[in-house]
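Data from work_35.cif: mmCIF, C-alpha atoms
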```cif
data_data
loop_
_atom_site.label_atom_id
_atom_site.label_comp_id
_atom_site.auth_asym_id
_atom_site.auth_seq_id
_atom_site.Cartn_x
_atom_site.Cartn_y
_atom_site.Cartn_z
CA MET A 1 31.64 -11.76 94.45
CA PHE A 2 30.51 -15.36 93.93
CA LYS A 3 30.12 -15.93 97.67
CA ILE A 4 27.56 -13.11 97.83
CA LEU A 5 25.42 -14.86 95.22
CA LEU A 6 25.48 -18.08 97.21
CA ILE A 7 24.48 -16.37 100.45
CA VAL A 8 21.56 -14.52 98.88
CA GLY A 9 20.34 -17.61 97.06
CA LEU A 10 19.06 -17.59 93.50
CA SER A 11 15.54 -18.46 94.60
CA THR A 12 15.20 -15.13 96.39
CA ILE A 13 16.36 -12.75 93.67
CA ASP A 14 15.32 -11.92 90.14
CA HIS A 15 16.92 -14.31 87.68
CA VAL A 16 17.31 -11.72 84.93
CA THR A 17 19.16 -9.39 87.30
CA THR A 18 21.38 -12.29 88.35
CA LEU A 19 22.20 -13.17 84.77
CA ARG A 20 22.99 -9.58 83.88
CA TYR A 21 25.34 -9.37 86.88
CA ILE A 22 27.10 -12.59 85.91
CA PHE A 23 27.53 -11.60 82.28
CA VAL A 24 28.77 -8.08 83.04
CA THR A 25 31.21 -9.41 85.64
CA SER A 26 32.46 -12.15 83.32
CA LEU A 27 32.91 -9.79 80.40
CA ARG A 28 34.88 -7.38 82.57
CA LEU A 29 37.14 -10.20 83.71
CA GLY A 30 37.47 -11.38 80.12
CA ASN A 31 38.44 -7.90 79.00
CA CYS A 32 41.14 -7.82 81.65
CA MET A 33 42.52 -11.12 80.33
CA ALA A 34 42.40 -10.16 76.65
CA LYS A 35 45.72 -9.35 75.02
CA SER A 36 44.53 -6.16 73.34
CA ASP A 37 41.53 -4.05 72.39
CA SER A 38 41.82 -5.33 68.82
CA GLU A 39 41.59 -8.91 70.07
CA ARG A 40 38.42 -8.14 72.02
CA VAL A 41 36.85 -6.51 68.97
CA ARG A 42 37.87 -9.41 66.71
CA VAL A 43 36.44 -12.05 69.05
CA GLN A 44 33.22 -10.11 69.62
CA ARG A 45 32.73 -9.60 65.88
CA ALA A 46 33.33 -13.27 65.07
CA GLU A 47 30.91 -14.45 67.74
CA ARG A 48 28.17 -12.05 66.68
CA LEU A 49 28.48 -13.16 63.07
CA ALA A 50 28.36 -16.79 64.18
CA HIS A 51 25.09 -16.11 66.00
CA GLY A 52 23.42 -14.54 62.96
CA TRP A 53 24.17 -10.87 63.58
CA GLN A 54 24.75 -8.65 60.55
CA GLU A 55 27.33 -5.92 60.23
CA VAL A 56 26.05 -2.85 58.36
CA ARG A 57 28.23 0.09 57.37
CA VAL A 58 26.58 3.20 55.97
CA TRP A 59 27.52 6.74 55.07
CA VAL A 60 25.42 9.56 56.56
CA ALA A 61 25.20 13.24 55.72
CA ASN A 62 25.68 14.73 59.19
CA ASP A 63 26.27 14.18 62.90
CA ASP A 64 22.56 14.06 63.73
CA ASP A 65 21.98 11.18 61.32
CA ALA A 66 25.00 9.37 62.73
CA ARG A 67 23.70 9.71 66.30
CA GLU A 68 20.28 8.45 65.21
CA ILE A 69 21.75 5.35 63.59
CA ARG A 70 23.97 4.64 66.60
CA LEU A 71 20.95 4.96 68.88
CA MET A 72 18.94 2.58 66.69
CA ALA A 73 21.78 0.04 66.75
CA GLN A 74 22.07 0.35 70.53
CA LYS A 75 18.34 -0.23 70.98
CA SER A 76 18.54 -3.29 68.72
CA ARG A 77 21.39 -4.76 70.79
CA GLU A 78 19.56 -4.05 74.05
CA LYS A 79 16.39 -5.70 72.73
CA VAL A 80 18.26 -8.85 71.71
CA GLU A 81 20.09 -8.92 75.04
CA GLN A 82 16.86 -8.59 77.03
CA GLU A 83 15.13 -11.32 75.04
CA SER A 84 18.14 -13.58 75.55
CA LEU A 85 18.20 -12.89 79.29
CA ASN A 86 14.47 -13.61 79.58
CA GLU A 87 14.84 -16.93 77.77
CA LEU A 88 17.78 -17.98 79.93
CA ALA A 89 15.97 -16.92 83.10
CA ASP A 90 13.05 -19.16 82.13
CA GLU A 91 15.47 -22.07 81.66
CA LEU A 92 17.12 -21.45 85.04
CA ILE A 93 13.79 -21.46 86.85
CA SER A 94 13.25 -25.04 85.68
CA LEU A 95 16.52 -26.25 87.23
CA ASP A 96 17.57 -27.33 90.68
CA GLU A 97 19.18 -24.42 92.52
CA GLU A 98 22.36 -26.38 93.25
CA GLU A 99 22.82 -27.08 89.54
CA VAL A 100 22.46 -23.37 88.77
CA LYS A 101 25.08 -22.52 91.39
CA LYS A 102 27.49 -25.01 89.81
CA MET A 103 26.97 -23.37 86.43
CA ILE A 104 27.64 -19.91 87.87
CA ARG A 105 30.76 -21.17 89.62
CA ALA A 106 32.10 -22.67 86.39
CA ILE A 107 31.59 -19.35 84.61
CA LEU A 108 33.16 -17.18 87.30
CA GLU A 109 36.11 -19.55 87.75
CA GLN A 110 37.12 -19.19 84.11
CA GLY A 111 40.91 -19.04 83.92
CA ALA A 112 41.46 -20.68 87.33
CA PRO A 113 45.12 -21.83 87.63
CA ALA A 114 44.10 -25.32 88.77
CA TYR A 115 43.17 -26.23 85.18
CA ASN A 116 45.34 -26.69 82.11
CA THR A 117 42.94 -24.67 79.95
CA PRO A 118 41.10 -21.42 80.80
CA SER A 119 37.72 -23.10 80.20
CA GLY A 120 38.59 -26.02 82.47
CA PRO A 121 35.83 -25.34 85.05
CA VAL A 122 32.98 -25.43 82.54
CA LEU A 123 34.50 -28.40 80.67
CA GLU A 124 34.60 -30.32 83.94
CA LEU A 125 31.00 -29.38 84.69
CA LEU A 126 29.83 -30.50 81.24
CA SER A 127 31.52 -33.88 81.72
CA GLU A 128 29.81 -34.25 85.10
CA LEU A 129 26.41 -33.43 83.63
CA ALA A 130 26.94 -35.91 80.80
CA ARG A 131 27.81 -38.67 83.27
CA LYS A 132 24.59 -37.94 85.14
CA GLY A 133 22.57 -38.02 81.93
CA ALA A 134 21.60 -34.36 82.47
CA ILE A 135 21.60 -33.63 78.75
CA ARG A 136 19.24 -30.67 78.80
CA GLU A 137 21.27 -29.12 81.61
CA MET A 138 24.40 -29.43 79.46
CA SER A 139 22.77 -27.22 76.85
CA ILE A 140 21.67 -24.64 79.43
CA ALA A 141 25.15 -24.58 80.99
CA TYR A 142 26.66 -24.00 77.57
CA LEU A 143 24.17 -21.22 76.81
CA LEU A 144 25.07 -19.43 80.03
CA PHE A 145 28.77 -19.85 79.37
CA SER A 146 28.55 -18.72 75.73
CA LYS A 147 26.79 -15.51 76.75
CA ALA A 148 29.29 -14.75 79.51
CA ARG A 149 32.41 -15.94 77.68
CA PRO A 150 31.74 -15.60 73.95
CA GLY A 151 35.42 -15.71 73.10
CA ASN A 152 35.72 -19.24 74.49
CA SER A 153 32.34 -20.61 73.44
CA ARG A 154 33.43 -22.17 70.16
CA PHE A 155 36.24 -24.08 71.87
CA VAL A 156 33.80 -25.45 74.44
CA ALA A 157 31.19 -26.34 71.80
CA GLU A 158 33.78 -28.43 69.96
CA SER A 159 34.23 -30.55 73.09
CA ILE A 160 30.55 -31.49 73.37
CA PRO A 161 30.44 -34.54 71.05
CA GLY A 162 33.43 -36.07 72.83
CA LYS A 163 31.86 -35.51 76.24
CA ILE A 164 28.57 -37.04 75.11
CA SER A 165 30.23 -40.11 73.62
CA ALA A 166 32.72 -40.68 76.46
CA ASN A 167 30.49 -39.84 79.41
CA TYR A 168 26.96 -40.69 78.24
CA PHE A 169 26.86 -42.95 75.20
CA SER A 170 29.50 -45.23 76.73
CA ARG A 171 27.35 -45.65 79.86
CA THR A 172 24.08 -46.06 78.00
CA ILE A 173 24.79 -48.15 74.92
CA ASP A 174 27.19 -50.90 73.89
CA MET A 175 30.16 -49.15 72.29
CA GLU A 176 30.28 -51.68 69.47
CA ARG A 177 26.83 -50.46 68.48
CA PHE A 178 27.98 -46.88 68.83
CA ASN A 179 30.95 -47.47 66.55
CA GLN A 180 28.76 -49.12 63.94
CA TRP A 181 26.16 -46.35 64.18
CA SER A 182 28.76 -43.57 63.99
CA ARG A 183 30.20 -45.02 60.79
CA SER A 184 26.73 -44.86 59.25
CA ASN A 185 26.13 -41.34 60.65
CA PRO A 186 29.36 -39.41 60.04
CA ASN A 187 27.69 -36.04 60.73
CA TRP A 188 26.53 -36.91 64.26
CA LYS A 189 29.03 -34.52 65.86
CA ASN A 190 27.76 -31.59 63.82
CA ALA A 191 24.16 -32.51 64.68
CA LEU A 192 24.99 -32.25 68.38
CA LYS A 193 26.79 -28.93 68.02
CA GLU A 194 24.05 -27.43 65.86
CA SER A 195 21.34 -28.27 68.41
CA LEU A 196 23.45 -27.32 71.43
CA VAL A 197 21.97 -23.82 71.82
CA ARG A 198 18.39 -25.16 72.03
CA PRO A 199 17.98 -27.27 75.19
CA ASP A 200 14.90 -29.20 74.06
CA ALA A 201 16.36 -29.84 70.61
CA PHE A 202 19.72 -30.92 72.07
CA GLU A 203 18.08 -33.36 74.47
CA GLY A 204 15.88 -34.68 71.65
CA THR A 205 18.88 -35.14 69.36
CA VAL A 206 20.75 -37.18 71.95
CA LYS A 207 17.69 -39.33 72.68
CA ARG A 208 17.13 -39.93 68.97
CA MET A 209 20.72 -41.04 68.58
CA ILE A 210 20.44 -43.46 71.48
CA ASP A 211 17.23 -44.86 70.01
CA GLU A 212 18.87 -45.36 66.61
CA MET A 213 21.80 -47.18 68.20
CA GLY A 214 19.43 -49.41 70.14
CA HIS A 215 17.87 -50.64 66.90
CA ILE A 216 21.16 -51.76 65.38
#
```
Could you take the file, read its structure, and then write that structure out as structure tokens?
Amino acid sequence: MFKILLIVGLSTIDHVTTLRYIFVTSLRLGNCMAKSDSERVRVQRAERLAHGWQEVRVWVANDDDAREIRLMAQKSREKVEQESLNELADELISLDEEEVKKMIRAILEQGAPAYNTPSGPVLELLSELARKGAIREMSIAYLLFSKARPGNSRFVAESIPGKISANYFSRTIDMERFNQWSRSNPNWKNALKESLVRPDAFEGTVKRMIDEMGHI
């Protein structure tokens, strides 16, 4: 499956089609790994609510009205999905092809036995990107992962501040300054997590933090 993508090459195929393939494949694999249907529903519901979706329950008079409402809901989901795919495709086009392949590999290798956590591949990739100072790419990698593996996205998001501090701040700024700055800015971890889903904002947040530390 993944080998086929590498042979074709992302530069020669439509990015939206590629993303749809990755997400559908990942969700199928995730469904196979889930403990039960109820678990899948619970995780999906929690993630949708976390991303601003609203759950609406209504009573209708007949089957025709019910079908109409279901169709409207389906169209709404498809519209959001398409907009999301278009935005991600635009982000991928701006990246080096090898970086995109690494992101895809990390997603498709979810649950690999070589790691002590199911999300080990993407966690390793995020650490690598942080060491390289590829902050914007970290956000894009997370976005891809969160769409393909929504049930694991919160766990991965929680690791971001630690990866930034251990793999980027420590290489960029004196840690004594970092410690002093972090005591004066106790919400810095939340600021990183809140901007994580917006690549430009995430990169800007990290740069602002570095600048603030440099003036201590």
- [ ] Quick one: apply the PyMOL selection byres ((chain A and resi 209) around 12) to the file and drop the selected residues here as an MDAnalysis selection string.
- [x] chainID A and resid 161 164:165 168:169 172:173 177:178 181:182 184:185 187:189 191:192 202:208 210:216
Open item on the list: I'd like to see the residues matched by the PyMOL selection byres ((chain A and resi 197) around 10) on this file, and ideally I'd get them as JSON, numbers by chain.
Closed with: {"A": [138, 139, 140, 141, 142, 143, 144, 146, 157, 192, 193, 194, 195, 196, 198, 199, 200, 201, 202]}
Open item on the list: One decimal, in Å: what's the spacing between atom CA of A:Asn152 and atom CA of A:Pro121?
Closed with: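 Rounded to one decimal, the two atoms are 12.2 Å apart.
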TODO: Calculate how many Å separate atom CA of A:Asp90 from atom CA of A:Lys147, rounding to one decimal.
DONE: 15.2 Å
- [ ] Grab the atom CA of A:Ser119 to atom CA of A:Val156 distance for me, in Å with one decimal place.
- [x]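 These atoms are spaced 7.4 Å apart.
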Task: Option closest in space to A:Glu158, from A:Asn190, A:Ser76, A:Glu137, A:Asn116 [counting all atoms listed in the file] - done: A:Asn190
Task: Residue nearest A:Leu108 among A:Ala148, A:Ala134, A:Ala166, A:Leu125 (counting only C-alpha atoms) - done: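 Checking each candidate against A:Leu108, we get A:Ala148 as the closest.
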